[in-house]
$ cat run_12.pdb   # PDB, C-alpha atoms and all ligand atoms
ATOM      1  CA  MET A   1     109.480  73.148  97.249
ATOM      2  CA  SER A   2     107.345  75.118  94.761
ATOM      3  CA  ARG A   3     108.113  78.765  94.086
ATOM      4  CA  GLY A   4     105.630  81.433  95.139
ATOM      5  CA  MET A   5     103.499  82.931  92.365
ATOM      6  CA  LEU A   6     105.235  86.317  92.760
ATOM      7  CA  GLU A   7     108.716  85.192  93.838
ATOM      8  CA  GLY A   8     111.303  87.912  93.119
ATOM      9  CA  SER A   9     108.714  90.595  92.324
ATOM     10  CA  THR A  10     108.360  93.998  93.942
ATOM     11  CA  ALA A  11     104.819  95.286  94.390
ATOM     12  CA  ILE A  12     103.288  98.566  95.503
ATOM     13  CA  VAL A  13      99.845  98.341  97.083
ATOM     14  CA  THR A  14      98.178 101.701  97.715
ATOM     15  CA  GLY A  15      95.886 101.821 100.720
ATOM     16  CA  GLY A  16      97.510  98.592 101.841
ATOM     17  CA  ASN A  17      97.011  98.955 105.564
ATOM     18  CA  THR A  18      93.341  98.099 105.808
ATOM     19  CA  GLY A  19      90.565  96.073 104.220
ATOM     20  CA  ILE A  20      91.061  94.819 100.667
ATOM     21  CA  GLY A  21      94.538  96.381 100.259
ATOM     22  CA  ARG A  22      95.810  94.662 103.381
ATOM     23  CA  ALA A  23      94.494  91.284 102.180
ATOM     24  CA  ILE A  24      96.153  91.834  98.777
ATOM     25  CA  ALA A  25      99.498  92.747 100.379
ATOM     26  CA  LEU A  26      99.398  89.684 102.660
ATOM     27  CA  ALA A  27      98.509  87.371  99.757
ATOM     28  CA  PHE A  28     101.340  88.824  97.636
ATOM     29  CA  ALA A  29     103.838  88.434 100.504
ATOM     30  CA  ARG A  30     102.735  84.824 101.006
ATOM     31  CA  GLU A  31     103.606  84.247  97.326
ATOM     32  CA  GLY A  32     107.099  85.715  97.672
ATOM     33  CA  ALA A  33     106.687  89.376  96.644
ATOM     34  CA  LYS A  34     108.471  92.266  98.333
ATOM     35  CA  LEU A  35     105.881  94.784  99.401
ATOM     36  CA  VAL A  36     105.646  98.544  99.501
ATOM     37  CA  ILE A  37     102.618  99.664 101.477
ATOM     38  CA  ALA A  38     101.635 103.180 100.384
ATOM     39  CA  SER A  39      99.003 104.711 102.586
ATOM     40  CA  ARG A  40      98.279 107.925 104.419
ATOM     41  CA  HIS A  41      98.467 106.352 107.852
ATOM     42  CA  GLU A  42     100.836 103.751 109.219
ATOM     43  CA  THR A  43      98.340 102.808 111.901
ATOM     44  CA  HIS A  44      95.306 100.650 111.170
ATOM     45  CA  ARG A  45      91.859 102.174 111.634
ATOM     46  CA  GLU A  46      90.861  99.337 113.931
ATOM     47  CA  GLY A  47      94.176  99.045 115.766
ATOM     48  CA  LEU A  48      95.549  95.963 113.966
ATOM     49  CA  MET A  49      99.319  95.632 113.485
ATOM     50  CA  PRO A  50     100.437  97.590 110.375
ATOM     51  CA  THR A  51     100.628  95.353 107.309
ATOM     52  CA  HIS A  52     104.370  95.809 106.707
ATOM     53  CA  LEU A  53     105.116  94.697 110.271
ATOM     54  CA  VAL A  54     102.898  91.619 109.888
ATOM     55  CA  ILE A  55     104.839  90.684 106.736
ATOM     56  CA  GLN A  56     108.211  91.351 108.364
ATOM     57  CA  SER A  57     107.240  89.274 111.414
ATOM     58  CA  SER A  58     106.556  86.278 109.184
ATOM     59  CA  GLY A  59     109.948  86.600 107.451
ATOM     60  CA  GLY A  60     108.876  88.608 104.399
ATOM     61  CA  GLU A  61     110.190  91.912 103.067
ATOM     62  CA  ALA A  62     107.972  94.980 103.310
ATOM     63  CA  ILE A  63     108.181  98.696 103.917
ATOM     64  CA  PHE A  64     105.657 101.390 104.672
ATOM     65  CA  VAL A  65     105.875 104.686 102.761
ATOM     66  CA  PRO A  66     103.554 107.441 104.011
ATOM     67  CA  THR A  67     101.691 108.499 100.885
ATOM     68  CA  ASP A  68      98.683 110.564  99.986
ATOM     69  CA  VAL A  69      98.103 109.225  96.477
ATOM     70  CA  SER A  70      96.394 112.453  95.418
ATOM     71  CA  LYS A  71      99.588 114.466  96.061
ATOM     72  CA  ALA A  72     102.201 114.442  93.299
ATOM     73  CA  ALA A  73     105.136 115.050  95.682
ATOM     74  CA  ASP A  74     104.094 112.078  97.848
ATOM     75  CA  VAL A  75     103.784 109.815  94.812
ATOM     76  CA  GLU A  76     107.230 110.834  93.551
ATOM     77  CA  ALA A  77     108.683 110.102  97.009
ATOM     78  CA  LEU A  78     106.898 106.734  96.971
ATOM     79  CA  PHE A  79     108.689 105.739  93.771
ATOM     80  CA  SER A  80     112.108 107.022  94.820
ATOM     81  CA  THR A  81     111.860 105.144  98.142
ATOM     82  CA  THR A  82     110.682 101.976  96.381
ATOM     83  CA  LEU A  83     113.580 102.081  93.919
ATOM     84  CA  GLU A  84     116.172 102.915  96.587
ATOM     85  CA  ARG A  85     115.040  99.962  98.660
ATOM     86  CA  PHE A  86     114.162  97.311  96.059
ATOM     87  CA  GLY A  87     115.635  98.633  92.797
ATOM     88  CA  ARG A  88     112.625  97.774  90.637
ATOM     89  CA  LEU A  89     108.844  97.666  90.347
ATOM     90  CA  ASP A  90     106.931  94.733  88.872
ATOM     91  CA  VAL A  91     103.374  95.082  90.145
ATOM     92  CA  LEU A  92     101.221  98.065  91.081
ATOM     93  CA  VAL A  93      97.843  97.701  92.748
ATOM     94  CA  ASN A  94      95.831 100.926  92.735
ATOM     95  CA  ASN A  95      93.607 100.089  95.664
ATOM     96  CA  ALA A  96      93.376 103.283  97.759
ATOM     97  CA  GLY A  97      89.917 104.748  97.688
ATOM     98  CA  ILE A  98      87.403 106.868  99.519
ATOM     99  CA  VAL A  99      83.668 107.144  99.297
ATOM    100  CA  ALA A 100      81.333 110.115  99.651
ATOM    101  CA  LEU A 101      77.597 109.687  99.818
ATOM    102  CA  GLY A 102      75.171 111.938  97.987
ATOM    103  CA  SER A 103      73.282 112.314  94.721
ATOM    104  CA  VAL A 104      74.070 115.239  92.383
ATOM    105  CA  GLY A 105      71.830 117.616  94.330
ATOM    106  CA  ASP A 106      73.421 117.000  97.679
ATOM    107  CA  THR A 107      77.073 116.437  96.766
ATOM    108  CA  SER A 108      79.249 119.525  97.242
ATOM    109  CA  LEU A 109      81.787 120.422  94.570
ATOM    110  CA  GLU A 110      84.439 119.969  97.248
ATOM    111  CA  ASP A 111      83.334 116.353  97.889
ATOM    112  CA  TRP A 112      83.122 115.662  94.143
ATOM    113  CA  ASN A 113      86.675 116.944  93.627
ATOM    114  CA  ARG A 114      88.016 115.079  96.667
ATOM    115  CA  VAL A 115      86.603 111.730  95.460
ATOM    116  CA  MET A 116      87.777 112.328  91.877
ATOM    117  CA  ALA A 117      91.273 113.209  93.137
ATOM    118  CA  VAL A 118      91.722 110.002  95.165
ATOM    119  CA  ASP A 119      89.588 107.493  93.258
ATOM    120  CA  LEU A 120      90.400 108.509  89.670
ATOM    121  CA  ALA A 121      93.157 111.138  89.200
ATOM    122  CA  ALA A 122      95.466 109.304  91.627
ATOM    123  CA  VAL A 123      95.062 106.061  89.676
ATOM    124  CA  PHE A 124      96.289 107.978  86.620
ATOM    125  CA  LEU A 125      99.150 109.594  88.562
ATOM    126  CA  VAL A 126     100.506 106.475  90.298
ATOM    127  CA  SER A 127     100.091 104.432  87.095
ATOM    128  CA  LYS A 128     101.995 107.079  85.144
ATOM    129  CA  LEU A 129     105.080 106.747  87.336
ATOM    130  CA  ALA A 130     104.733 102.959  87.373
ATOM    131  CA  VAL A 131     104.567 102.721  83.592
ATOM    132  CA  GLU A 132     107.589 105.024  83.222
ATOM    133  CA  GLN A 133     109.593 102.794  85.572
ATOM    134  CA  MET A 134     108.420  99.558  83.923
ATOM    135  CA  LEU A 135     109.392 100.915  80.489
ATOM    136  CA  ARG A 136     112.843 101.910  81.836
ATOM    137  CA  GLN A 137     113.317  98.384  83.205
ATOM    138  CA  GLY A 138     112.174  96.883  79.907
ATOM    139  CA  THR A 139     110.892  93.771  81.654
ATOM    140  CA  GLY A 140     107.162  94.403  81.378
ATOM    141  CA  GLY A 141     104.920  94.746  84.378
ATOM    142  CA  ASN A 142     101.515  94.485  85.831
ATOM    143  CA  ILE A 143      98.922  96.986  86.995
ATOM    144  CA  ILE A 144      95.705  96.011  88.725
ATOM    145  CA  ASN A 145      93.149  98.691  89.498
ATOM    146  CA  ILE A 146      90.453  98.230  92.104
ATOM    147  CA  ALA A 147      87.228  99.770  90.826
ATOM    148  CA  SER A 148      83.783  98.701  92.027
ATOM    149  CA  GLU A 149      80.543  97.201  90.784
ATOM    150  CA  ASP A 150      79.157 100.664  91.637
ATOM    151  CA  GLY A 151      80.968 101.934  88.566
ATOM    152  CA  TYR A 152      80.038  99.020  86.325
ATOM    153  CA  VAL A 153      76.709  97.230  86.427
ATOM    154  CA  TYR A 154      74.687  99.002  89.047
ATOM    155  CA  PRO A 155      75.498 102.336  90.653
ATOM    156  CA  VAL A 156      74.521 102.358  94.311
ATOM    157  CA  PRO A 157      71.883 105.081  94.729
ATOM    158  CA  GLY A 158      73.346 108.182  96.321
ATOM    159  CA  ALA A 159      77.059 107.691  95.699
ATOM    160  CA  VAL A 160      77.393 109.696  92.490
ATOM    161  CA  ALA A 161      81.014 110.885  92.743
ATOM    162  CA  TYR A 162      82.214 107.417  93.749
ATOM    163  CA  SER A 163      80.297 105.569  91.018
ATOM    164  CA  VAL A 164      81.466 107.953  88.291
ATOM    165  CA  ALA A 165      85.102 107.849  89.477
ATOM    166  CA  LYS A 166      85.041 104.024  89.493
ATOM    167  CA  ALA A 167      83.493 103.948  85.997
ATOM    168  CA  GLY A 168      86.432 106.128  84.947
ATOM    169  CA  VAL A 169      88.886 103.657  86.458
ATOM    170  CA  ILE A 170      87.372 100.833  84.382
ATOM    171  CA  PHE A 171      87.808 102.826  81.189
ATOM    172  CA  LEU A 172      91.294 104.034  82.157
ATOM    173  CA  THR A 173      92.226 100.367  82.577
ATOM    174  CA  ARG A 174      91.152  99.501  79.040
ATOM    175  CA  GLN A 175      92.929 102.527  77.615
ATOM    176  CA  MET A 176      96.192 101.663  79.386
ATOM    177  CA  ALA A 177      95.938  98.009  78.371
ATOM    178  CA  LEU A 178      95.630  99.117  74.775
ATOM    179  CA  ASP A 179      98.483 101.620  74.960
ATOM    180  CA  TYR A 180     100.993  99.352  76.746
ATOM    181  CA  GLY A 181     100.073  95.812  75.653
ATOM    182  CA  GLY A 182     102.885  95.846  73.109
ATOM    183  CA  LYS A 183     105.360  96.648  75.882
ATOM    184  CA  ASP A 184     104.301  93.619  77.939
ATOM    185  CA  ILE A 185     102.635  95.741  80.599
ATOM    186  CA  ARG A 186      99.326  94.125  81.471
ATOM    187  CA  VAL A 187      96.593  96.296  82.990
ATOM    188  CA  ASN A 188      93.450  94.793  84.492
ATOM    189  CA  VAL A 189      90.680  95.896  86.803
ATOM    190  CA  VAL A 190      88.900  94.068  89.607
ATOM    191  CA  CYS A 191      85.382  95.125  90.546
ATOM    192  CA  PRO A 192      84.555  93.994  94.066
ATOM    193  CA  GLY A 193      80.961  93.770  95.188
ATOM    194  CA  ALA A 194      80.035  94.535  98.782
ATOM    195  CA  THR A 195      83.036  93.529 100.867
ATOM    196  CA  ASP A 196      83.455  93.409 104.623
ATOM    197  CA  THR A 197      86.015  96.185 105.296
ATOM    198  CA  PRO A 198      86.288  99.380 107.370
ATOM    199  CA  MET A 199      84.824 101.242 104.354
ATOM    200  CA  THR A 200      81.553  99.312 104.511
ATOM    201  CA  ARG A 201      81.603  99.299 108.317
ATOM    202  CA  TYR A 202      82.106 103.059 108.835
ATOM    203  CA  ASP A 203      81.957 105.110 105.602
ATOM    204  CA  THR A 204      78.867 103.824 103.852
ATOM    205  CA  VAL A 205      76.579 103.863 106.862
ATOM    206  CA  GLY A 206      72.994 103.827 105.610
ATOM    207  CA  ASN A 207      74.043 102.423 102.253
ATOM    208  CA  VAL A 208      75.283  99.041 103.447
ATOM    209  CA  GLU A 209      71.825  97.485 103.352
ATOM    210  CA  ALA A 210      71.370  98.625  99.743
ATOM    211  CA  ILE A 211      74.799  97.307  98.850
ATOM    212  CA  VAL A 212      74.263  93.900 100.437
ATOM    213  CA  LYS A 213      70.806  93.645  98.848
ATOM    214  CA  ALA A 214      72.378  94.393  95.494
ATOM    215  CA  ALA A 215      74.843  91.578  96.074
ATOM    216  CA  ALA A 216      72.071  89.112  96.863
ATOM    217  CA  THR A 217      72.890  86.525  94.179
ATOM    218  CA  MET A 218      75.061  84.662  96.683
ATOM    219  CA  GLY A 219      73.226  86.199  99.622
ATOM    220  CA  ARG A 220      76.278  87.344 101.534
ATOM    221  CA  ILE A 221      78.937  90.013 101.734
ATOM    222  CA  GLY A 222      82.423  89.193 100.371
ATOM    223  CA  GLN A 223      85.615  88.917 102.407
ATOM    224  CA  PRO A 224      88.747  90.947 101.535
ATOM    225  CA  GLU A 225      90.710  87.704 101.068
ATOM    226  CA  GLU A 226      88.300  86.660  98.285
ATOM    227  CA  ILE A 227      89.093  89.854  96.387
ATOM    228  CA  ALA A 228      92.821  89.419  97.048
ATOM    229  CA  GLU A 229      92.955  85.951  95.431
ATOM    230  CA  ALA A 230      91.577  87.396  92.167
ATOM    231  CA  VAL A 231      94.121  90.226  92.228
ATOM    232  CA  LEU A 232      96.920  87.732  92.917
ATOM    233  CA  PHE A 233      95.861  85.664  89.896
ATOM    234  CA  LEU A 234      95.892  88.722  87.614
ATOM    235  CA  ALA A 235      99.305  89.784  88.953
ATOM    236  CA  SER A 236     100.793  86.346  88.340
ATOM    237  CA  GLU A 237     102.122  84.591  85.253
ATOM    238  CA  ARG A 238      98.997  82.421  85.332
ATOM    239  CA  ALA A 239      97.244  85.430  83.758
ATOM    240  CA  SER A 240      99.994  86.027  81.194
ATOM    241  CA  TYR A 241      97.558  86.500  78.264
ATOM    242  CA  ILE A 242      94.976  88.566  80.140
ATOM    243  CA  THR A 243      94.942  92.339  79.793
ATOM    244  CA  GLY A 244      92.240  95.003  79.691
ATOM    245  CA  HIS A 245      89.955  92.615  81.564
ATOM    246  CA  ASN A 246      87.367  93.531  84.166
ATOM    247  CA  LEU A 247      87.138  90.713  86.705
ATOM    248  CA  ASN A 248      83.976  90.921  88.803
ATOM    249  CA  VAL A 249      84.464  89.503  92.282
ATOM    250  CA  ASP A 250      81.028  90.297  93.539
ATOM    251  CA  GLY A 251      79.094  87.194  94.581
ATOM    252  CA  GLY A 252      77.070  87.508  91.394
ATOM    253  CA  TRP A 253      76.075  91.179  91.605
ATOM    254  CA  ALA A 254      76.806  91.590  87.887
ATOM    255  CA  CYS A 255      74.194  88.912  87.073
ATOM    256  CA  LEU A 256      71.351  90.981  88.482
TER
HETATM  257  N1  LIG B 301      84.421  97.501 100.694
HETATM  258  C1  LIG B 301      83.680  97.406  99.597
HETATM  259  O1  LIG B 301      82.503  96.961  99.658
HETATM  260  C2  LIG B 301      84.237  97.799  98.255
HETATM  261  C3  LIG B 301      83.476  97.472  97.131
HETATM  262  C4  LIG B 301      83.977  97.809  95.881
HETATM  263  C5  LIG B 301      85.179  98.457  95.773
HETATM  264  N2  LIG B 301      85.894  98.778  96.896
HETATM  265  C6  LIG B 301      87.174  99.469  96.700
HETATM  266  O2  LIG B 301      88.208  98.724  97.293
HETATM  267  C7  LIG B 301      89.286  99.591  97.648
HETATM  268  C8  LIG B 301      89.682  99.321  99.084
HETATM  269  O3  LIG B 301      88.615  99.712  99.940
HETATM  270  P1  LIG B 301      88.276  98.979 101.318
HETATM  271  O4  LIG B 301      86.890  98.502 101.230
HETATM  272  O5  LIG B 301      89.346  98.032 101.678
HETATM  273  O6  LIG B 301      88.224 100.235 102.314
HETATM  274  P2  LIG B 301      89.254 100.789 103.391
HETATM  275  O7  LIG B 301      88.688 102.107 103.808
HETATM  276  O8  LIG B 301      89.520  99.765 104.409
HETATM  277  O9  LIG B 301      90.582 100.977 102.551
HETATM  278  C9  LIG B 301      90.870 102.092 101.771
HETATM  279  C10 LIG B 301      92.334 102.414 101.985
HETATM  280  O10 LIG B 301      92.692 103.512 101.153
HETATM  281  C11 LIG B 301      93.493 104.387 101.913
HETATM  282  N3  LIG B 301      93.410 105.732 101.367
HETATM  283  C12 LIG B 301      92.318 106.528 101.268
HETATM  284  N4  LIG B 301      92.652 107.709 100.741
HETATM  285  C13 LIG B 301      93.984 107.664 100.488
HETATM  286  C14 LIG B 301      94.910 108.579  99.955
HETATM  287  N5  LIG B 301      94.545 109.809  99.577
HETATM  288  N6  LIG B 301      96.202 108.192  99.842
HETATM  289  C15 LIG B 301      96.596 106.956 100.211
HETATM  290  N7  LIG B 301      95.755 106.049 100.752
HETATM  291  C16 LIG B 301      94.468 106.404 100.882
HETATM  292  C17 LIG B 301      92.927 104.304 103.311
HETATM  293  O11 LIG B 301      93.849 104.771 104.287
HETATM  294  C18 LIG B 301      92.651 102.813 103.424
HETATM  295  O12 LIG B 301      93.804 102.128 103.840
HETATM  296  C19 LIG B 301      88.777 101.008  97.410
HETATM  297  O13 LIG B 301      89.251 101.488  96.177
HETATM  298  C20 LIG B 301      87.284 100.823  97.363
HETATM  299  O14 LIG B 301      86.650 101.844  96.634
HETATM  300  C21 LIG B 301      85.453  98.457  98.136
END

$ encode --input "run_12.pdb" --output "structure tokens"
Amino acid sequence: MSRGMLEGSTAIVTGGNTGIGRAIALAFAREGAKLVIASRHETHREGLMPTHLVIQSSGGEAIFVPTDVSKAADVEALFSTTLERFGRLDVLVNNAGIVALGSVGDTSLEDWNRVMAVDLAAVFLVSKLAVEQMLRQGTGGNIINIASEDGYVYPVPGAVAYSVAKAGVIFLTRQMALDYGGKDIRVNVVCPGATDTPMTRYDTVGNVEAIVKAAATMGRIGQPEEIAEAVLFLASERASYITGHNLNVDGGWACL
């Protein structure tokens, strides 16, 4: 029987209870990883069974750690719980994210700061603890950040804080790849296009049409599982010489 692509690895997926994060966690578990789901809520927004219970029910290992990634104390608790339970960290996926709609004129400073805290500063914070742990282990590691095409090729009109935060995540990825490449810690970023998740269903109301139009090269919205397969590849040994890369999984949005 062939080994799973992530057999023996421990992975943290932030925001792993819904949408893209849930699909990533399930794909990782299928490939043999032990999962730590770090999210604010244990319950799913649409009432589905929490991800860690789905994994446990199919014989995998997974825990849920209540975490607000923008709070330092929560992130520290996330790492101590992960290490108590699994003793190591091999893969981090910075997936948690929020969106706020508005151009500069109609975005409040409070909304700007809230989006920056979750979508950018938290990626720095969680990565910082991950890198420290990976360096202590001395076995290398893997970080995959989830940005967005909004922060790369084509900002969606009226989502200024989100687009700028995601652009920051892309650059943070390159900087980390450069700083830690020599320590065998690979850092890559995936930019999804419009993807069918609770975020597009409930939080970007009014913008979904613009998003889907922007993703018209393939003429359809993406599924979370299609993003997850790209993240799985980057997390695996199959991508052993890839770091600092931005992988667009966007149905061709970047071609427009
Ligand atoms: N859906 C899309 O079209 C799309 C496109 C490009 C990028 N993305 C990015 O993909 C990622 C996943 O989004 P999604 O579409 O699955 O949406 P989603 O709303 O289903 O998932 C976001 C997750 O992040 C969690 N989260 C939010 N704030 C948090 C916090 N402070 N601490 C911990 N967890 C927090 C939420 O609870 C949720 O589980 C996000 O970073 C998003 O920006 C989504």

$ residues_near_point --input "run_12.pdb" --point "(81.7, 101.3, 99.8)" --cutoff "10 Å" --atoms "all atoms listed in the file" --output "count of residues only"
29

$ atom_distance --input "run_12.pdb" --atom1 "CA of Pro157 in chain A" --atom2 "CA of Ile170 in chain A"
19.1 Å

$ resolve_selection --input "run_12.pdb" --expression "the PyMOL selection byres (((chain A and resi 172-184) around 9) and not hetatm)" --output "compact mmCIF listing (two decimals) with C-alpha atoms, in the coordinates of the input"
# COMPACT_ATOMS: atom_id res chain seq x y z
CA LEU A 120 90.40 108.51 89.67
CA VAL A 123 95.06 106.06 89.68
CA PHE A 124 96.29 107.98 86.62
CA VAL A 131 104.57 102.72 83.59
CA LEU A 135 109.39 100.92 80.49
CA GLY A 138 112.17 96.88 79.91
CA THR A 139 110.89 93.77 81.65
CA GLY A 140 107.16 94.40 81.38
CA GLY A 141 104.92 94.75 84.38
CA ASN A 142 101.52 94.48 85.83
CA ILE A 143 98.92 96.99 87.00
CA ILE A 144 95.70 96.01 88.72
CA ASN A 145 93.15 98.69 89.50
CA ALA A 167 83.49 103.95 86.00
CA GLY A 168 86.43 106.13 84.95
CA VAL A 169 88.89 103.66 86.46
CA ILE A 170 87.37 100.83 84.38
CA PHE A 171 87.81 102.83 81.19
CA ILE A 185 102.64 95.74 80.60
CA ARG A 186 99.33 94.12 81.47
CA VAL A 187 96.59 96.30 82.99
CA ASN A 188 93.45 94.79 84.49
CA VAL A 189 90.68 95.90 86.80
CA THR A 243 94.94 92.34 79.79
CA GLY A 244 92.24 95.00 79.69
CA HIS A 245 89.96 92.62 81.56
CA ASN A 246 87.37 93.53 84.17

$ atom_distance --input "run_12.pdb" --atom1 "atom C2 of ligand LIG 301 (chain B)" --atom2 "CA of Ala147 in chain A"
8.2 Å

$ resolve_selection --input "run_12.pdb" --expression "the PyMOL selection byres (((chain A and resi 71) around 12) and not hetatm)" --output "PDB file with C-alpha atoms, keeping the file's coordinate frame"
ATOM      1  CA  SER A  39      99.003 104.711 102.586  1.00  0.00           C
ATOM      2  CA  ARG A  40      98.279 107.925 104.419  1.00  0.00           C
ATOM      3  CA  PRO A  66     103.554 107.441 104.011  1.00  0.00           C
ATOM      4  CA  THR A  67     101.691 108.499 100.885  1.00  0.00           C
ATOM      5  CA  ASP A  68      98.683 110.564  99.986  1.00  0.00           C
ATOM      6  CA  VAL A  69      98.103 109.225  96.477  1.00  0.00           C
ATOM      7  CA  SER A  70      96.394 112.453  95.418  1.00  0.00           C
ATOM      8  CA  ALA A  72     102.201 114.442  93.299  1.00  0.00           C
ATOM      9  CA  ALA A  73     105.136 115.050  95.682  1.00  0.00           C
ATOM     10  CA  ASP A  74     104.094 112.078  97.848  1.00  0.00           C
ATOM     11  CA  VAL A  75     103.784 109.815  94.812  1.00  0.00           C
ATOM     12  CA  GLU A  76     107.230 110.834  93.551  1.00  0.00           C
ATOM     13  CA  ALA A  77     108.683 110.102  97.009  1.00  0.00           C
ATOM     14  CA  LEU A  78     106.898 106.734  96.971  1.00  0.00           C
ATOM     15  CA  ARG A 114      88.016 115.079  96.667  1.00  0.00           C
ATOM     16  CA  ALA A 117      91.273 113.209  93.137  1.00  0.00           C
ATOM     17  CA  VAL A 118      91.722 110.002  95.165  1.00  0.00           C
ATOM     18  CA  ALA A 121      93.157 111.138  89.200  1.00  0.00           C
ATOM     19  CA  ALA A 122      95.466 109.304  91.627  1.00  0.00           C
ATOM     20  CA  VAL A 123      95.062 106.061  89.676  1.00  0.00           C
ATOM     21  CA  PHE A 124      96.289 107.978  86.620  1.00  0.00           C
ATOM     22  CA  LEU A 125      99.150 109.594  88.562  1.00  0.00           C
ATOM     23  CA  VAL A 126     100.506 106.475  90.298  1.00  0.00           C
TER      24      VAL A 126
END

$ atom_distance --input "run_12.pdb" --atom1 "atom O11 of ligand LIG 301 (chain B)" --atom2 "CA of Val104 in chain A"
25.3 Å

$ resolve_selection --input "run_12.pdb" --expression "the PyMOL selection byres (((chain A and resi 46-53) around 12) and not hetatm)" --output "ChimeraX atom specification"
/A:12-29,34-39,41-45,54-66,197-199,201-202

$ closest_atom_pairs --input "run_12.pdb" --of "range 11-121 of chain A" --to "range 236-241 of chain A" --cutoff "12 Å" --atoms "only C-alpha atoms" --output "tab-separated table"
residue	atom	partner	partner_atom	distance
A:Ala11	CA	A:Ser236	CA	11.5
A:Ala27	CA	A:Ser236	CA	11.7
A:Phe28	CA	A:Ser236	CA	9.6
A:Glu31	CA	A:Ser236	CA	9.6
A:Gly32	CA	A:Ser236	CA	11.3
A:Ala33	CA	A:Ser236	CA	10.6
A:Asp90	CA	A:Ser236	CA	10.4
A:Val91	CA	A:Ser236	CA	9.3

$ axis_aligned_box --input "run_12.pdb" --around "range 89-97 of chain A" --padding-each-side "5 Å" --output "lines of an AutoDock Vina configuration file"
center_x = 99.4
center_y = 99.7
center_z = 93.3
size_x = 28.9
size_y = 20.0
size_z = 18.9

$ closest_residue --input "run_12.pdb" --among "A:Ala235, A:Asn95, A:Ser103, A:Met218" --to "ligand LIG 301 (chain B)" --atoms "only C-alpha atoms and all ligand atoms"
A:Asn95

$ closest_residue --input "run_12.pdb" --among "A:Pro224, A:Gly158, A:Gly102, A:Gly4" --to "ligand LIG 301 (chain B)" --atoms "all atoms listed in the file"
A:Pro224

$ closest_residue --input "run_12.pdb" --among "A:Val164, A:Leu234, A:Ile146, A:Ala228" --to "ligand LIG 301 (chain B)" --atoms "all atoms listed in the file"
A:Ile146

$ closest_residue --input "run_12.pdb" --among "A:Glu132, A:Glu7, A:Asp119, A:Glu110" --to "ligand LIG 301 (chain B)" --atoms "all atoms listed in the file"
A:Asp119

$ closest_residue --input "run_12.pdb" --among "A:Leu6, A:Cys191, A:Leu89, A:Val153" --to "ligand LIG 301 (chain B)" --atoms "all atoms listed in the file"
A:Cys191

$ closest_residue --input "run_12.pdb" --among "A:Thr217, A:Asn248, A:Thr82, A:Ser108" --to "ligand LIG 301 (chain B)" --atoms "all atoms listed in the file"
A:Asn248
